[in-house]
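Novice: Please see the structure below; I have some questions.
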Amino acid sequence: MDEAVPLVELSGVKVLYGAERALDDVAFRLLPGEVHSLMGENGAGKSTLIRVLTGALQPHAGALSIDGNPVRFRSERDALRAGVSPVYQEIDLLPNLSVAENIFVGREPRRWGRIDWRTMRERAAEVLADLGLTVDPTSELGSHSVAVQQLVAIARALTAEVRVLVLDEPTSSLDTDEVGELFRVIRELKQRGVAIVFISHFLDQVYEISDRITVLRDGRLVGEYLTTELLRVDLVAKMLGKGIPLPHERQPYEDEADGSLPVLEARGVGTASLKPTDVSLGAGEVLGVAGLLGSGRTALARLLTGVDRPDRGVLLIDGDPRGLASPRAALAMGLAYSSENRRAEGIISELSVADNITLALQAQRGALRRLPPARARELAASWVEALDIRPAQLDKPAGELSGGNQQKVMLARLLALAPRVLVLDEPTRGIDVGAKAEIQRIVGELAEDGLSVVFISAELEEVLRVGDRVAILRDMHLVDTLPSAAVTIDSLLALVARPTETES
Amino acid sequence: MTAAVTTTKDGTAASTAGRAGTFMARRSALLPALAAVIILALLFAGAELFLRGDFITPRNLSALLLDNAYLLVLAVGMTFVILTSGIDLSVGSVMAFTGILGARLLAEGLPPAIAIPAMLIGGAAIGLVIGLLVQVFSVQPFIASLAGLFLARGLAFVVSLSSIKVEDSATLWLQTTRLRLGDWYITPTGIIALLAVAVAAFVLHYTRFGRTIYAVGGQEQSARLMGLNVARAKVMAYVISGFCGGLAGLILTAYSGAGYPRNGIGTELDAIAAVVIGGTLLSGGRGYVLGSMVGVFVYGTIKTIITFMGAEQSWMQIIVGTLLLVFIVIQRVIVARSGQKSP
């Protein structure tokens, strides 16, 4: 396999985001004429690695070489000049300009110093026809579907002198035929010796198109494998991690006698993408949710907590049907949601730890009924102690804490509202092992105190250990809900990873 | 600019509806500009009927360009800025400052070959300051150009507190020369204004810089990712607007035969109104400089009609205000419709 000189080689790449390490000693190489899939869950470091590769981000350590010569990319333009061309998502195009311009803007064909619109239209039509797309190159980009826009983004990359093409989730908005066309183009590019980095959460597509697979987890390199030698189940295991299972630490949840209603029940809730789903949650129960990225696990969490509204189905709280108009309404009924996106949708970095903890409570009381400062500090201090948030400094800006402690601050914020149901979306992502175990312990204790928890995690082992029951999601539908005791990691893995039968 | 030539690929005759659909997909940004043309036509027709054939005369139409040449030049510069989704409130003051500066320099006995470039460079310099504030220091364009407004107005008063008459023959020549064709005439100031429109239309449509202006207004982040020189385009938009302010100062000085530090108070708003009526979206990225020209003519025609009718000048503002409201609503609808497809 090592007969060729790698076109691109990255080694020892290390990237820090504040206190969090996004990449730690990661190596990645690309051979000419290969399709190389980069696999990993949310937060594994895929996009960070891509940003290093395309010059958008300067790593704190590490070396990059092209054709065996060491280089440094100071900006996207450097990378483009070296032939490393990313395909942006359709949202990174210019909706107000024509399709042809989106393909050529910045390097328009010119004649006598002025833009040659006719040549530009003709060349755009050629490239688009190559992609099997018949759209009018002069039409405005914004008037087209997302799928067409995605293909236009690919067309833009193809018209550059490209040696390395980075396709980041290029197929998420394409239908089967369009994916077929894209794959045909990818194979043609391979023939021309172009190296292609392919990122997708559709395992079928990864297995169909790629030659090799590099797996990342938690910012670390798991390994590089030949696609033909890596079983699908093994791939998922490597992506999700399979720690040493610890014994179930707490009393198993007892199914309450008949008659007691579930605290939260969803009957047939679904959206345009999420298929109708039934889940129920008893008092003091922890429901683990397992599934890959894009399996619908976050969509479900958002439906349960009023962040998104279901298109169909009903939510019942204590047996009564309730419509949740907003997260605020959900909170009023005791349903609290902790987003997977800690930095963007959770922690407010500039505010102090104490402010972050009391934020939601104050919001619930309203601006006119201010929490007395002394009371707020006391409250915050008690949570800092209860959850062992370190450093135990109430006035430190929350952004300076480590990931695990930020997560605890978010937990404290929700717990201060005294909720009945807590929905935690990947509460342990990107935090170190010790903090992980602690969060798991806290969840267990809360459940023993009667709180119901929905615990979403990419790590199957963790889902099994924390959850009393496990709901398994795959391809936007609920496959099954099983008691944790009835599944092993391997059987769970098989359920999560099983290929969809309908794919070509 | 480029007329959308509909070419059907398979050669079969497309239905009228199909053609309209193609046209819409290609040039939805043209719609507000077309609406401006229609409104201009309606205004002409209405005035002609009302005044029993006394309105659409060569003399009137020639005067329309002459009287609004300074506004046309300001609107050209403003179009650049608004296309990048910025705003330039300074242009009225810049026009006053450069006007009085030029008048003062000429009164001091300097030749026009020095005074006129000084006016243009002065305007561009203020534009550069605003552009740097916006780009380098990420100041809101509204605030940055408001600072420019005060700065330029203050400078105008520093130059002179009262009006300065211009005696220089070369400068007055710009206004007094009338190139005639029958009853039609045009002055050098009018030619300058039309040239400004033509150059701007060429730059915006046929150069990378021009397309970058549109790209910045569409999605600044995307434009940067695509490797376009966003910083230069944004700064240059303000420099161009400032330069146009200087040019308008020259035209206005020639037009009125004097520099006056209180000129152009509120003119920046007229320029913005003309650009918006001409179909350029305030959110940036869509619009045409030719539309802005139509917008200026709409504005000028309303003004002329009101003078002809002998009505109160306040009606001018009421009508322009109403038109603006209508146009902004039309624009919102367009933006909302094109936004639907790219969630």
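Residue numbering restarts at 1 in every chain; chains get A, B, ... in the order shown in the structure tokens, and ligands count up from 1 in that same order.
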Skip stretch 335-338 of chain A itself and residues of its chain fewer than 4 positions away, then list as a PyMOL selection string all residues within 9 Å of it, counting only C-alpha atoms.

Specialist: chain A and resi 264+301-302+304-307+327+329-331+342+345-346+410-411+414-415+417+419-427

Novice: Within stretch 133-329 of chain B, find each residue whose DSSP state, derived from the backbone, is helix (DSSP H, G or I), and express the selection as a ChimeraX atom specification.

Specialist: /B:133-136,141-159,169-176,188-206,208-218,220-225,230-256,267-277,289-309,314-329

Novice: Rank B:Tyr185, B:Phe80, B:Phe97, B:Phe137 by their smallest atom-to-atom distance to B:Val158, using only C-alpha atoms, and report the top residue only.

Specialist: B:Phe97

Novice: If we count only C-alpha atoms, which residues of chain A reach to within 6 Å of chain B? Please list them as a ChimeraX atom specification.

Specialist: /A:77,92-94,96,106,114-115,138-140,142

Novice: Restrict the selected residues to C-alpha atoms and save them as a PDB file, in the first residue's frame.

Specialist:
```pdb
ATOM      1  CA  ARG A  77      -5.627  30.933  -0.565  1.00  0.00           C
ATOM      2  CA  ASP A  92     -21.242  28.826   1.665  1.00  0.00           C
ATOM      3  CA  LEU A  93     -22.188  30.005  -1.805  1.00  0.00           C
ATOM      4  CA  LEU A  94     -23.620  33.309  -2.979  1.00  0.00           C
ATOM      5  CA  ASN A  96     -27.655  36.438  -5.118  1.00  0.00           C
ATOM      6  CA  GLY A 106     -12.764  35.149  -8.309  1.00  0.00           C
ATOM      7  CA  ARG A 114     -13.191  42.468 -18.760  1.00  0.00           C
ATOM      8  CA  ILE A 115     -15.212  39.477 -17.669  1.00  0.00           C
ATOM      9  CA  THR A 138     -27.394  32.298 -15.850  1.00  0.00           C
ATOM     10  CA  SER A 139     -30.183  31.575 -13.373  1.00  0.00           C
ATOM     11  CA  GLU A 140     -29.818  32.880  -9.884  1.00  0.00           C
ATOM     12  CA  GLY A 142     -30.871  31.095  -4.758  1.00  0.00           C
TER      13      GLY A 142
END
```

Novice: Which residue is closest to B:Val134? Choose from B:Leu146, B:Ala201, B:Ala193, B:Leu323 and count only C-alpha atoms.

Specialist: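 The closest residue to B:Val134 is B:Leu146.
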
Novice: Near B:Ile191, within 10 Å and counting only C-alpha atoms, which residues show up once chain neighbours fewer than 3 positions away are dropped, as a PyMOL selection string?

Specialist: chain B and resi 65-66+69+174+186-188+194-197

Novice: Let's have the selection written as a PDB file, in the first residue's frame, with N, CA, C and O atoms.

Specialist:
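Output below, filename selection03.pdb:
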```pdb
ATOM      1  N   LEU B  65     -32.130  66.075 -16.158  1.00  0.00           N
ATOM      2  CA  LEU B  65     -30.765  65.585 -15.978  1.00  0.00           C
ATOM      3  C   LEU B  65     -29.886  66.678 -15.362  1.00  0.00           C
ATOM      4  O   LEU B  65     -29.142  66.432 -14.412  1.00  0.00           O
ATOM      5  N   LEU B  66     -30.036  67.881 -15.903  1.00  0.00           N
ATOM      6  CA  LEU B  66     -29.196  68.985 -15.437  1.00  0.00           C
ATOM      7  C   LEU B  66     -29.408  69.253 -13.937  1.00  0.00           C
ATOM      8  O   LEU B  66     -28.449  69.377 -13.171  1.00  0.00           O
ATOM      9  N   ALA B  69     -28.062  66.266 -11.710  1.00  0.00           N
ATOM     10  CA  ALA B  69     -26.766  65.643 -12.019  1.00  0.00           C
ATOM     11  C   ALA B  69     -25.998  65.316 -10.740  1.00  0.00           C
ATOM     12  O   ALA B  69     -25.440  64.222 -10.595  1.00  0.00           O
ATOM     13  N   LEU B 174     -18.495  74.319 -17.090  1.00  0.00           N
ATOM     14  CA  LEU B 174     -19.121  73.004 -16.913  1.00  0.00           C
ATOM     15  C   LEU B 174     -20.643  73.121 -16.939  1.00  0.00           C
ATOM     16  O   LEU B 174     -21.352  72.201 -17.328  1.00  0.00           O
ATOM     17  N   ILE B 186     -27.549  69.418 -23.379  1.00  0.00           N
ATOM     18  CA  ILE B 186     -26.877  68.764 -22.260  1.00  0.00           C
ATOM     19  C   ILE B 186     -25.660  69.594 -21.881  1.00  0.00           C
ATOM     20  O   ILE B 186     -25.016  70.203 -22.741  1.00  0.00           O
ATOM     21  N   THR B 187     -25.385  69.669 -20.621  1.00  0.00           N
ATOM     22  CA  THR B 187     -24.230  70.432 -20.143  1.00  0.00           C
ATOM     23  C   THR B 187     -23.099  69.465 -19.814  1.00  0.00           C
ATOM     24  O   THR B 187     -23.339  68.264 -19.633  1.00  0.00           O
ATOM     25  N   PRO B 188     -21.864  69.968 -19.725  1.00  0.00           N
ATOM     26  CA  PRO B 188     -20.770  69.073 -19.302  1.00  0.00           C
ATOM     27  C   PRO B 188     -21.065  68.394 -17.964  1.00  0.00           C
ATOM     28  O   PRO B 188     -20.680  67.233 -17.768  1.00  0.00           O
ATOM     29  N   LEU B 194     -23.577  61.216 -16.495  1.00  0.00           N
ATOM     30  CA  LEU B 194     -23.872  60.024 -17.291  1.00  0.00           C
ATOM     31  C   LEU B 194     -22.636  59.144 -17.434  1.00  0.00           C
ATOM     32  O   LEU B 194     -22.727  57.914 -17.396  1.00  0.00           O
ATOM     33  N   LEU B 195     -21.459  59.788 -17.559  1.00  0.00           N
ATOM     34  CA  LEU B 195     -20.214  59.016 -17.619  1.00  0.00           C
ATOM     35  C   LEU B 195     -20.019  58.216 -16.335  1.00  0.00           C
ATOM     36  O   LEU B 195     -19.604  57.052 -16.366  1.00  0.00           O
ATOM     37  N   ALA B 196     -20.308  58.867 -15.218  1.00  0.00           N
ATOM     38  CA  ALA B 196     -20.154  58.180 -13.937  1.00  0.00           C
ATOM     39  C   ALA B 196     -21.029  56.934 -13.912  1.00  0.00           C
ATOM     40  O   ALA B 196     -20.600  55.855 -13.474  1.00  0.00           O
ATOM     41  N   VAL B 197     -22.264  57.065 -14.419  1.00  0.00           N
ATOM     42  CA  VAL B 197     -23.162  55.911 -14.457  1.00  0.00           C
ATOM     43  C   VAL B 197     -22.571  54.823 -15.352  1.00  0.00           C
ATOM     44  O   VAL B 197     -22.530  53.642 -14.972  1.00  0.00           O
TER      45      VAL B 197
END
```

Novice: Neighbours of B:Thr280 within 9 Å (only C-alpha atoms; same-chain residues fewer than 5 positions away dropped), as an NGL selection string?

Specialist: :B and (29 or 32-33 or 79 or 82-83 or 275 or 285-289 or 291-292 or 331)

Novice: What is the atom CA of A:Glu76-atom CA of A:Gly55 distance in Å, reported with one decimal?

Specialist: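 That distance, rounded to one decimal, is 4.6 Å.
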